[in-house]
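Read the structure below first, then the notes.
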Amino acid sequence: MFEVEWPWIFLLLPLPWLVTKFVTNKTQLEGARLKAPFLSKHSLTQQQTAESKKSIGKTLAAWLIWLSLLASASQPMWVGKPITLPAEGRDIMLAVDLSGSMEMDDMVINGQKVNRLDMTKFVLKDFIQRRLGDRLGLILFADTAYLQTPLTRDLNTVAQMLDESVIGLVGDKTAIGDAMGLAAKRFAAKDNSNKILILLTDGQNTSGNLQPKEALQLAKSEGIKIYTIGVGADEMLVKGFFGYQKHNPSADLDEKTLSNIAKETGGLYFRARDAGELSKIYAELDKLEPISEEAIQLRPQTSLFYWPLSLGFILTLLLALTPMLLQFKMQLSDKLSAKAQGAK
């Protein structure tokens with residue numbers, strides 16, 4: 001839809017006429033006229049007619065230039081259809097375990113066995129893409145914790161960084177405390193935000209500079225709500241000397257510590273034994289930490305001021321070049337006439 005931001009600008013349209021009518025000294029205009037009584041009445045009439053036509057053309061061009069300048073100054077624009085954007089949502093840090101145990105093939109996606117990290121990537125990809133309005137950050141931890149992506153609304157970058165992560169990138173152990181401490185450090189500068197940490201691991205704290213209890217105090221002081229997720233199947237068939245035997249691949253999972261961390265910070269502890277459970281957990285997080293229902297509506301605006309401005313510039317250029325072109329035409333005509341007379 002076409003709109004003009006400052007339509008009152010067009011009230012200045014008669015300004016040049018008012019200046020000419022009331023400000024300009026008419027006596028000076030009369031005195032400035034060239035009087036040539038020796039010219040015949042017929043030639044004078046022809047000259048006046050030609051000058052009159054030129055004057056009308058110049059006046060019309062001048063008015064068009066003035067109108068184009070006013071049109072440009074009025075800020076014309078094309079306003080598109082309203083686009084609804086979610087209000088500013090949450091600040092969420094994802095802390096993903098890259099320890100060696102995440103390579104265990106006890107998960108199933110579409111009937112195919114995969115390791116824990118691949119399952120996490122598969123489910124997290126959809127979770128990340130649904131975070132419109134949120135700022136996401138990514139922490140990868142094993143022997144220690146590393147900030148892979150700071151808090152950003154560039155969801156594609158977060159998804160790509162997670163997809164490119166590999167087991168063993170930051171060691172083989174599990175530094176849960178360091179991951180929590182790093183999240184607390186990154187949240188320290190965020191005063192007015194909903195600080196959430198989603199910590200996903202399949203083991204217990206075996207490395208790092210901070211113990212989970214120490215990191216928990218830091219998280220509580222920063223007002224961070226932590227949702228912990230324990231990953232890993234409860235049962236797995238392992239082929240042994242006496243055939244296949246049931247084995248618990250999640251025996252090292254420290255559910256007590258993870259549950260306590262979540263409880264102390266006002267979050268929840270979840271158990272993800274397969275891809276389906278992990279998907280349900282992320283759906284549940286959407287309900288627990290909803291985005292404000294107050295949406296923001298934006299209408300994309302495309303400024304069009306340069307179109308009338310360009311027209312005014314072109315008309316001004318033509319008006320300035322017209323006398324030069326006419327003079328060049330007359331000179332060329334005189335030379336051709338002189339050559340024609342010389343030829344005779």
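Lettering and numbering for the structure tokens are positional, with chains as A, B, ... in the shown order, residues counted from 1 in each chain, and ligands counted from 1 in the shown order.
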If you count only C-alpha atoms, which residues fall within 9 Å of stretch 279-286 of chain A, apart from same-chain ones fewer than 3 positions away, as a PyMOL selection string? chain A and resi 123-124+126-127+227+229+270-272+274-276+289-291
Output of the above residues as a PDB file, in the first residue's frame, restricted to C-alpha atoms:
ATOM      1  CA  VAL A 123      16.085 -33.930  18.164  1.00  0.00           C
ATOM      2  CA  LEU A 124      17.790 -30.638  19.062  1.00  0.00           C
ATOM      3  CA  ASP A 126      13.919 -29.185  15.505  1.00  0.00           C
ATOM      4  CA  PHE A 127      13.985 -27.672  18.993  1.00  0.00           C
ATOM      5  CA  TYR A 227      16.784 -28.055  33.214  1.00  0.00           C
ATOM      6  CA  ILE A 229      18.480 -34.131  30.923  1.00  0.00           C
ATOM      7  CA  PHE A 270      14.195 -35.306  32.722  1.00  0.00           C
ATOM      8  CA  ARG A 271      15.212 -38.788  31.670  1.00  0.00           C
ATOM      9  CA  ALA A 272      15.672 -39.360  27.931  1.00  0.00           C
ATOM     10  CA  ASP A 274      15.162 -42.661  23.411  1.00  0.00           C
ATOM     11  CA  ALA A 275      14.521 -40.061  20.699  1.00  0.00           C
ATOM     12  CA  GLY A 276      10.778 -40.037  21.426  1.00  0.00           C
ATOM     13  CA  GLU A 289       8.931 -21.547  29.699  1.00  0.00           C
ATOM     14  CA  PRO A 290       6.428 -19.954  27.285  1.00  0.00           C
ATOM     15  CA  ILE A 291       7.130 -16.860  25.248  1.00  0.00           C
TER      16      ILE A 291
END
Taking the chain letters and numbering used in this document, name the residues of stretch 49-232 of chain A that DSSP puts in alpha helix (DSSP H), as a PyMOL selection string. chain A and resi 49-73+116-129+155-164+176-187+212-221
To one decimal place in Å, what is the distance between atom CA of A:Thr228 and atom CA of A:Glu255?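 Separation of atom CA of A:Thr228 and atom CA of A:Glu255: 9.3 Å.
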Report as a PyMOL selection string all protein, DNA and RNA residues lying within 10 Å of stretch 316-332 of chain A, evaluated on only C-alpha atoms, omitting residues in the same chain fewer than 4 positions from it. chain A and resi 57-58+61-62+64-66+310-312+336-338
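Distance check against A:Gly230 using only C-alpha atoms: of A:Val114, A:Val96, A:Ile139, A:Ala145, the minimum falls on A:Val96.
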Let's see if you can do this: from backbone DSSP, list all strand (DSSP E) residues in stretch 39-211 of chain A, as a ChimeraX atom specification. /A:76-79,83-85,91-97,107-109,112-114,135-141,145-152,195-201
Near-stretch 204-209 of chain A list (9 Å; only C-alpha atoms; drop same-chain fewer than 3 positions) as a PyMOL selection string: chain A and resi 142-145+173-179+201+212+252-255+257-258
Can you write out the residues you just picked, keeping N, CA, C and O atoms, as a short mmCIF file (atom, residue, chain, number, x, y, z; two decimals), in the first residue's frame?
data_model
loop_
_atom_site.label_atom_id
_atom_site.label_comp_id
_atom_site.auth_asym_id
_atom_site.auth_seq_id
_atom_site.Cartn_x
_atom_site.Cartn_y
_atom_site.Cartn_z
N ALA A 142 33.40 -31.56 27.86
CA ALA A 142 33.94 -32.91 28.09
C ALA A 142 34.98 -32.76 29.20
O ALA A 142 34.62 -32.63 30.36
N ASP A 143 36.30 -32.73 28.83
CA ASP A 143 37.32 -32.50 29.86
C ASP A 143 37.15 -31.14 30.52
O ASP A 143 37.45 -30.95 31.69
N THR A 144 36.68 -30.17 29.75
CA THR A 144 36.32 -28.84 30.23
C THR A 144 35.20 -28.32 29.35
O THR A 144 34.71 -29.03 28.47
N ALA A 145 34.78 -27.08 29.56
CA ALA A 145 33.65 -26.53 28.80
C ALA A 145 34.14 -25.40 27.90
O ALA A 145 34.99 -24.59 28.28
N LYS A 173 36.31 -36.96 29.08
CA LYS A 173 35.67 -36.99 30.40
C LYS A 173 34.43 -36.09 30.42
O LYS A 173 33.97 -35.63 29.38
N THR A 174 33.93 -35.81 31.63
CA THR A 174 32.69 -35.04 31.75
C THR A 174 32.84 -33.95 32.80
O THR A 174 32.93 -34.25 34.00
N ALA A 175 32.84 -32.69 32.36
CA ALA A 175 33.00 -31.55 33.27
C ALA A 175 31.66 -30.81 33.39
O ALA A 175 31.47 -29.73 32.82
N ILE A 176 30.74 -31.39 34.14
CA ILE A 176 29.42 -30.77 34.31
C ILE A 176 29.53 -29.43 35.03
O ILE A 176 28.89 -28.44 34.67
N GLY A 177 30.37 -29.38 36.07
CA GLY A 177 30.54 -28.14 36.83
C GLY A 177 31.07 -27.00 35.97
O GLY A 177 30.62 -25.86 36.08
N ASP A 178 32.03 -27.29 35.10
CA ASP A 178 32.59 -26.25 34.22
C ASP A 178 31.53 -25.73 33.26
O ASP A 178 31.49 -24.52 32.95
N ALA A 179 30.67 -26.61 32.76
CA ALA A 179 29.61 -26.19 31.85
C ALA A 179 28.64 -25.24 32.54
O ALA A 179 28.25 -24.20 31.98
N THR A 201 23.52 -34.52 29.48
CA THR A 201 24.69 -35.36 29.73
C THR A 201 24.27 -36.82 29.91
O THR A 201 23.10 -37.10 30.16
N PRO A 212 30.20 -29.60 40.66
CA PRO A 212 28.80 -29.22 40.44
C PRO A 212 28.19 -28.41 41.59
O PRO A 212 27.40 -27.50 41.35
N ASP A 252 26.49 -45.23 34.80
CA ASP A 252 27.32 -44.12 35.30
C ASP A 252 26.56 -42.80 35.39
O ASP A 252 27.14 -41.79 35.82
N LEU A 253 25.32 -42.78 34.96
CA LEU A 253 24.55 -41.54 34.98
C LEU A 253 24.24 -41.12 36.42
O LEU A 253 23.61 -41.88 37.18
N ASP A 254 24.66 -39.93 36.80
CA ASP A 254 24.47 -39.42 38.17
C ASP A 254 23.14 -38.67 38.23
O ASP A 254 23.09 -37.44 38.22
N GLU A 255 22.06 -39.44 38.32
CA GLU A 255 20.72 -38.83 38.32
C GLU A 255 20.48 -38.01 39.58
O GLU A 255 19.76 -37.01 39.56
N THR A 257 22.61 -36.12 41.34
CA THR A 257 23.19 -34.77 41.20
C THR A 257 22.40 -33.94 40.20
O THR A 257 22.12 -32.75 40.45
N LEU A 258 22.05 -34.53 39.08
CA LEU A 258 21.30 -33.79 38.05
C LEU A 258 19.94 -33.36 38.57
O LEU A 258 19.48 -32.23 38.30
#
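For the pair atom CA of A:Arg90 and atom CA of A:Phe141, the separation is 22.3 Å.
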Minimum-distance residue to A:Ala262, chosen among A:Leu197, A:Gly203, A:Ser221, A:Leu298 (using only C-alpha atoms):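 For A:Ala262, the nearest of the given residues is A:Leu197.
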Work out how far apart atom CA of A:Glu5 and atom CA of A:Ile83 are and give it in Å to one decimal.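 One can read the atom CA of A:Glu5 to atom CA of A:Ile83 distance as 20.0 Å.
Checking A:Leu216, A:Val231, A:Met77, A:Leu169 one by one against A:Leu117, counting only C-alpha atoms, you find the shortest gap at A:Val231.
If you measure from each of A:Leu138, A:Leu162, A:Ala73, A:Ala184 to A:Ala215 using only C-alpha atoms, the closest one turns out to be A:Ala184.
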Pick from A:Val158, A:Ile9, A:Leu268, A:Val19 nearest to A:Arg131, counting only C-alpha atoms: A:Val158
Across A:Asp118, A:Thr20, A:Glu222, A:Pro300, the smallest distance to A:Asn194, with only C-alpha atoms counted, is shown by A:Glu222
